[in-house]
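Okay, model_34.pdb is below, PDB, C-alpha atoms, pLDDT in the B column:
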```pdb
MODEL        1
ATOM      1  CA  MET A  25      92.339  84.723  49.173  1.00 47.00           C
ATOM      2  CA  SER A  26      95.016  85.281  51.850  1.00 48.00           C
ATOM      3  CA  ASP A  27      97.986  83.041  52.442  1.00 51.00           C
ATOM      4  CA  GLN A  28      97.599  81.436  55.905  1.00 50.00           C
ATOM      5  CA  SER A  29     101.335  80.678  56.182  1.00 50.00           C
ATOM      6  CA  THR A  30     102.171  84.384  56.249  1.00 50.00           C
ATOM      7  CA  LYS A  31      99.689  85.045  59.073  1.00 51.00           C
ATOM      8  CA  ALA A  32     100.742  82.203  61.381  1.00 49.00           C
ATOM      9  CA  PRO A  33     104.081  83.695  62.464  1.00 56.00           C
ATOM     10  CA  VAL A  34     102.456  87.056  63.325  1.00 58.00           C
ATOM     11  CA  VAL A  35      99.804  85.313  65.417  1.00 60.00           C
ATOM     12  CA  GLY A  36     102.521  83.183  66.989  1.00 69.00           C
ATOM     13  CA  ARG A  37     104.589  86.242  67.887  1.00 73.00           C
ATOM     14  CA  ASP A  38     101.539  87.894  69.438  1.00 78.00           C
ATOM     15  CA  VAL A  39     100.775  84.775  71.449  1.00 77.00           C
ATOM     16  CA  CYS A  40     104.417  84.536  72.500  1.00 77.00           C
ATOM     17  CA  ARG A  41     104.401  88.191  73.615  1.00 79.00           C
ATOM     18  CA  HIS A  42     101.194  87.672  75.603  1.00 81.00           C
ATOM     19  CA  LEU A  43     102.601  84.509  77.145  1.00 81.00           C
ATOM     20  CA  THR A  44     105.762  86.387  78.121  1.00 80.00           C
ATOM     21  CA  ASP A  45     103.652  89.123  79.736  1.00 83.00           C
ATOM     22  CA  PHE A  46     101.641  86.442  81.534  1.00 83.00           C
ATOM     23  CA  ASP A  47     104.851  84.815  82.781  1.00 82.00           C
ATOM     24  CA  ASP A  48     106.046  88.158  84.131  1.00 84.00           C
ATOM     25  CA  ASP A  49     102.722  88.730  85.898  1.00 86.00           C
ATOM     26  CA  LEU A  50     102.783  85.171  87.237  1.00 85.00           C
ATOM     27  CA  ASP A  51     106.300  85.680  88.605  1.00 84.00           C
ATOM     28  CA  GLU A  52     105.221  88.852  90.389  1.00 87.00           C
ATOM     29  CA  PHE A  53     102.137  87.115  91.783  1.00 87.00           C
ATOM     30  CA  ARG A  54     104.252  84.153  92.923  1.00 85.00           C
ATOM     31  CA  ASP A  55     106.616  86.470  94.774  1.00 87.00           C
ATOM     32  CA  ASN A  56     103.732  88.331  96.436  1.00 88.00           C
ATOM     33  CA  LEU A  57     101.904  85.138  97.361  1.00 87.00           C
ATOM     34  CA  SER A  58     105.041  83.568  98.795  1.00 86.00           C
ATOM     35  CA  PHE A  59     105.700  86.653 100.909  1.00 88.00           C
ATOM     36  CA  PHE A  60     102.101  86.724 102.110  1.00 88.00           C
ATOM     37  CA  CYS A  61     102.039  83.024 102.964  1.00 85.00           C
ATOM     38  CA  ASP A  62     105.337  83.251 104.848  1.00 85.00           C
ATOM     39  CA  ALA A  63     104.145  86.360 106.714  1.00 86.00           C
ATOM     40  CA  VAL A  64     100.870  84.733 107.774  1.00 84.00           C
ATOM     41  CA  ILE A  65     102.663  81.624 109.002  1.00 81.00           C
ATOM     42  CA  ALA A  66     105.196  83.762 110.911  1.00 83.00           C
ATOM     43  CA  MET A  67     102.404  85.739 112.560  1.00 81.00           C
ATOM     44  CA  LEU A  68     100.582  82.566 113.539  1.00 78.00           C
ATOM     45  CA  GLN A  69     103.754  81.143 115.074  1.00 77.00           C
ATOM     46  CA  VAL A  70     104.242  84.250 117.207  1.00 79.00           C
ATOM     47  CA  ASP A  71     100.633  84.440 118.403  1.00 66.00           C
ATOM     48  CA  ALA A  72     100.394  81.978 121.279  1.00 64.00           C
ATOM     49  CA  GLY A  73      96.587  82.132 121.145  1.00 76.00           C
ATOM     50  CA  VAL A  74      96.344  80.332 117.818  1.00 77.00           C
ATOM     51  CA  ASP A  75      95.097  76.784 118.035  1.00 81.00           C
ATOM     52  CA  PRO A  76      97.711  74.267 116.786  1.00 81.00           C
ATOM     53  CA  ALA A  77      95.206  72.811 114.335  1.00 85.00           C
ATOM     54  CA  THR A  78      94.565  76.269 112.877  1.00 82.00           C
ATOM     55  CA  TRP A  79      98.279  76.939 112.581  1.00 78.00           C
ATOM     56  CA  GLY A  80      98.836  73.538 110.972  1.00 84.00           C
ATOM     57  CA  GLY A  81      95.987  74.078 108.529  1.00 86.00           C
ATOM     58  CA  ALA A  82      97.233  77.524 107.548  1.00 83.00           C
ATOM     59  CA  LYS A  83     100.751  76.203 107.050  1.00 84.00           C
ATOM     60  CA  ALA A  84      99.531  73.270 104.939  1.00 89.00           C
ATOM     61  CA  THR A  85      97.342  75.568 102.826  1.00 88.00           C
ATOM     62  CA  SER A  86     100.210  78.001 102.357  1.00 85.00           C
ATOM     63  CA  GLU A  87     102.511  75.230 101.175  1.00 87.00           C
ATOM     64  CA  GLN A  88      99.830  73.827  98.859  1.00 89.00           C
ATOM     65  CA  MET A  89      99.229  77.250  97.279  1.00 86.00           C
ATOM     66  CA  LYS A  90     102.948  77.703  96.686  1.00 85.00           C
ATOM     67  CA  ARG A  91     103.197  74.243  95.069  1.00 89.00           C
ATOM     68  CA  GLN A  92     100.209  74.935  92.828  1.00 88.00           C
ATOM     69  CA  LEU A  93     101.698  78.237  91.754  1.00 86.00           C
ATOM     70  CA  GLU A  94     105.000  76.560  90.917  1.00 85.00           C
ATOM     71  CA  GLU A  95     103.103  73.952  88.873  1.00 88.00           C
ATOM     72  CA  LEU A  96     101.358  76.741  86.962  1.00 85.00           C
ATOM     73  CA  ARG A  97     104.709  78.437  86.356  1.00 83.00           C
ATOM     74  CA  ALA A  98     106.215  75.187  85.065  1.00 87.00           C
ATOM     75  CA  HIS A  99     103.214  74.604  82.806  1.00 86.00           C
ATOM     76  CA  SER A 100     103.493  78.134  81.442  1.00 82.00           C
ATOM     77  CA  GLY A 101     107.184  77.525  80.715  1.00 82.00           C
ATOM     78  CA  ARG A 102     106.376  74.320  78.835  1.00 85.00           C
ATOM     79  CA  LEU A 103     103.743  76.163  76.781  1.00 81.00           C
ATOM     80  CA  ARG A 104     106.257  78.871  75.939  1.00 79.00           C
ATOM     81  CA  ALA A 105     108.866  76.318  74.882  1.00 83.00           C
ATOM     82  CA  THR A 106     106.336  74.479  72.708  1.00 83.00           C
ATOM     83  CA  LEU A 107     105.249  77.726  71.092  1.00 79.00           C
ATOM     84  CA  LEU A 108     108.833  78.721  70.357  1.00 77.00           C
ATOM     85  CA  VAL A 109     109.490  75.354  68.722  1.00 80.00           C
ATOM     86  CA  GLU A 110     106.329  75.743  66.645  1.00 76.00           C
ATOM     87  CA  LEU A 111     107.363  79.229  65.567  1.00 75.00           C
ATOM     88  CA  ALA A 112     110.853  78.047  64.649  1.00 78.00           C
ATOM     89  CA  THR A 113     109.544  75.163  62.534  1.00 80.00           C
ATOM     90  CA  HIS A 114     107.091  77.356  60.633  1.00 70.00           C
ATOM     91  CA  HIS A 115     109.616  79.991  59.522  1.00 60.00           C
TER      92      HIS A 115
ENDMDL
END
```

Mind turning the file's structure into structure tokens?
Amino acid sequence: MSDQSTKAPVVGRDVCRHLTDFDDDLDEFRDNLSFFCDAVIAMLQVDAGVDPATWGGAKATSEQMKRQLEELRAHSGRLRATLLVELATHH
């Protein structure tokens, strides 16, 4: 019969490593999405043929996507902190 207490830290380290990789990927995605959203809004501002409602909708959607991504990033950070506390208390 195996001792579960010796396996938990290894699993925790693996989860922590995967979460760190996810955070890195999320940061890169956030940067790319922010650039894209800003670029689309800039292009719509320059194009005089864009209906104001369309421009307003695109801007609102862009801002909403950025907020949602920041919320995901914050949630990921809280998960990482919780995991680190759990790992520290089980050593």

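Atom pair CA of Glu95 in chain A / CA of Ser58 in chain A: separated by 14.0 Å.
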
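With all atoms listed in the file as the atoms that count, the minimum distance from Leu57 in chain A to the choices A:Ser100, A:Gln69, A:Thr78, A:Ser86 is reached by A:Ser86.
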
Would you please work out which residue, of A:Arg104, A:His114, A:Arg54, A:His42, is nearest to Lys90 in chain A when using only C-alpha atoms?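 For Lys90 in chain A, the nearest of the candidates is A:Arg54.
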
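Among the candidates A:Leu96, A:Val109, A:Met89, A:Leu103, the one nearest to Asn56 in chain A when counting only C-alpha atoms is A:Met89.
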
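Of the residues under consideration (A:Arg97, A:Arg91, A:Lys83, A:Arg37), A:Arg37 shows the shortest atom-to-atom contact distance to Glu110 in chain A when counting all atoms listed in the file.
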
I'd like the neighbourhood of Leu108 in chain A as a ChimeraX atom specification, where a residue qualifies if any of its atoms comes within 12 Å (using only C-alpha atoms), though same-chain residues fewer than 2 positions away should be ignored. /A:33,36-41,43-44,101-106,110-115

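Of note, CA of Ala82 in chain A and CA of Val70 in chain A are spaced 13.7 Å apart.
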
So the first atom is CA of Asp75 in chain A and the second is CA of Glu94 in chain A; what is the distance between them in Å, to one decimal place? 28.9 Å

Long-range neighbours of Leu93 in chain A as JSON, numbers by chain, 10 Å cut-off, only C-alpha atoms, 5 positions minimum in chain: {"A": [50, 51, 53, 54, 57, 58, 87, 88, 98, 99]}

Can you give me, as a list in words, the residues this file yields under the PyMOL selection byres ((chain A and resi 79) around 10)?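 Applied to this file, the PyMOL selection byres ((chain A and resi 79) around 10) returns Val64, Ile65, Ala66, Met67, Leu68, Gln69, Asp71, Val74, Asp75, Pro76, Ala77, Thr78, Gly80, Gly81, Ala82, Lys83, Ala84 and Thr85 of chain A.
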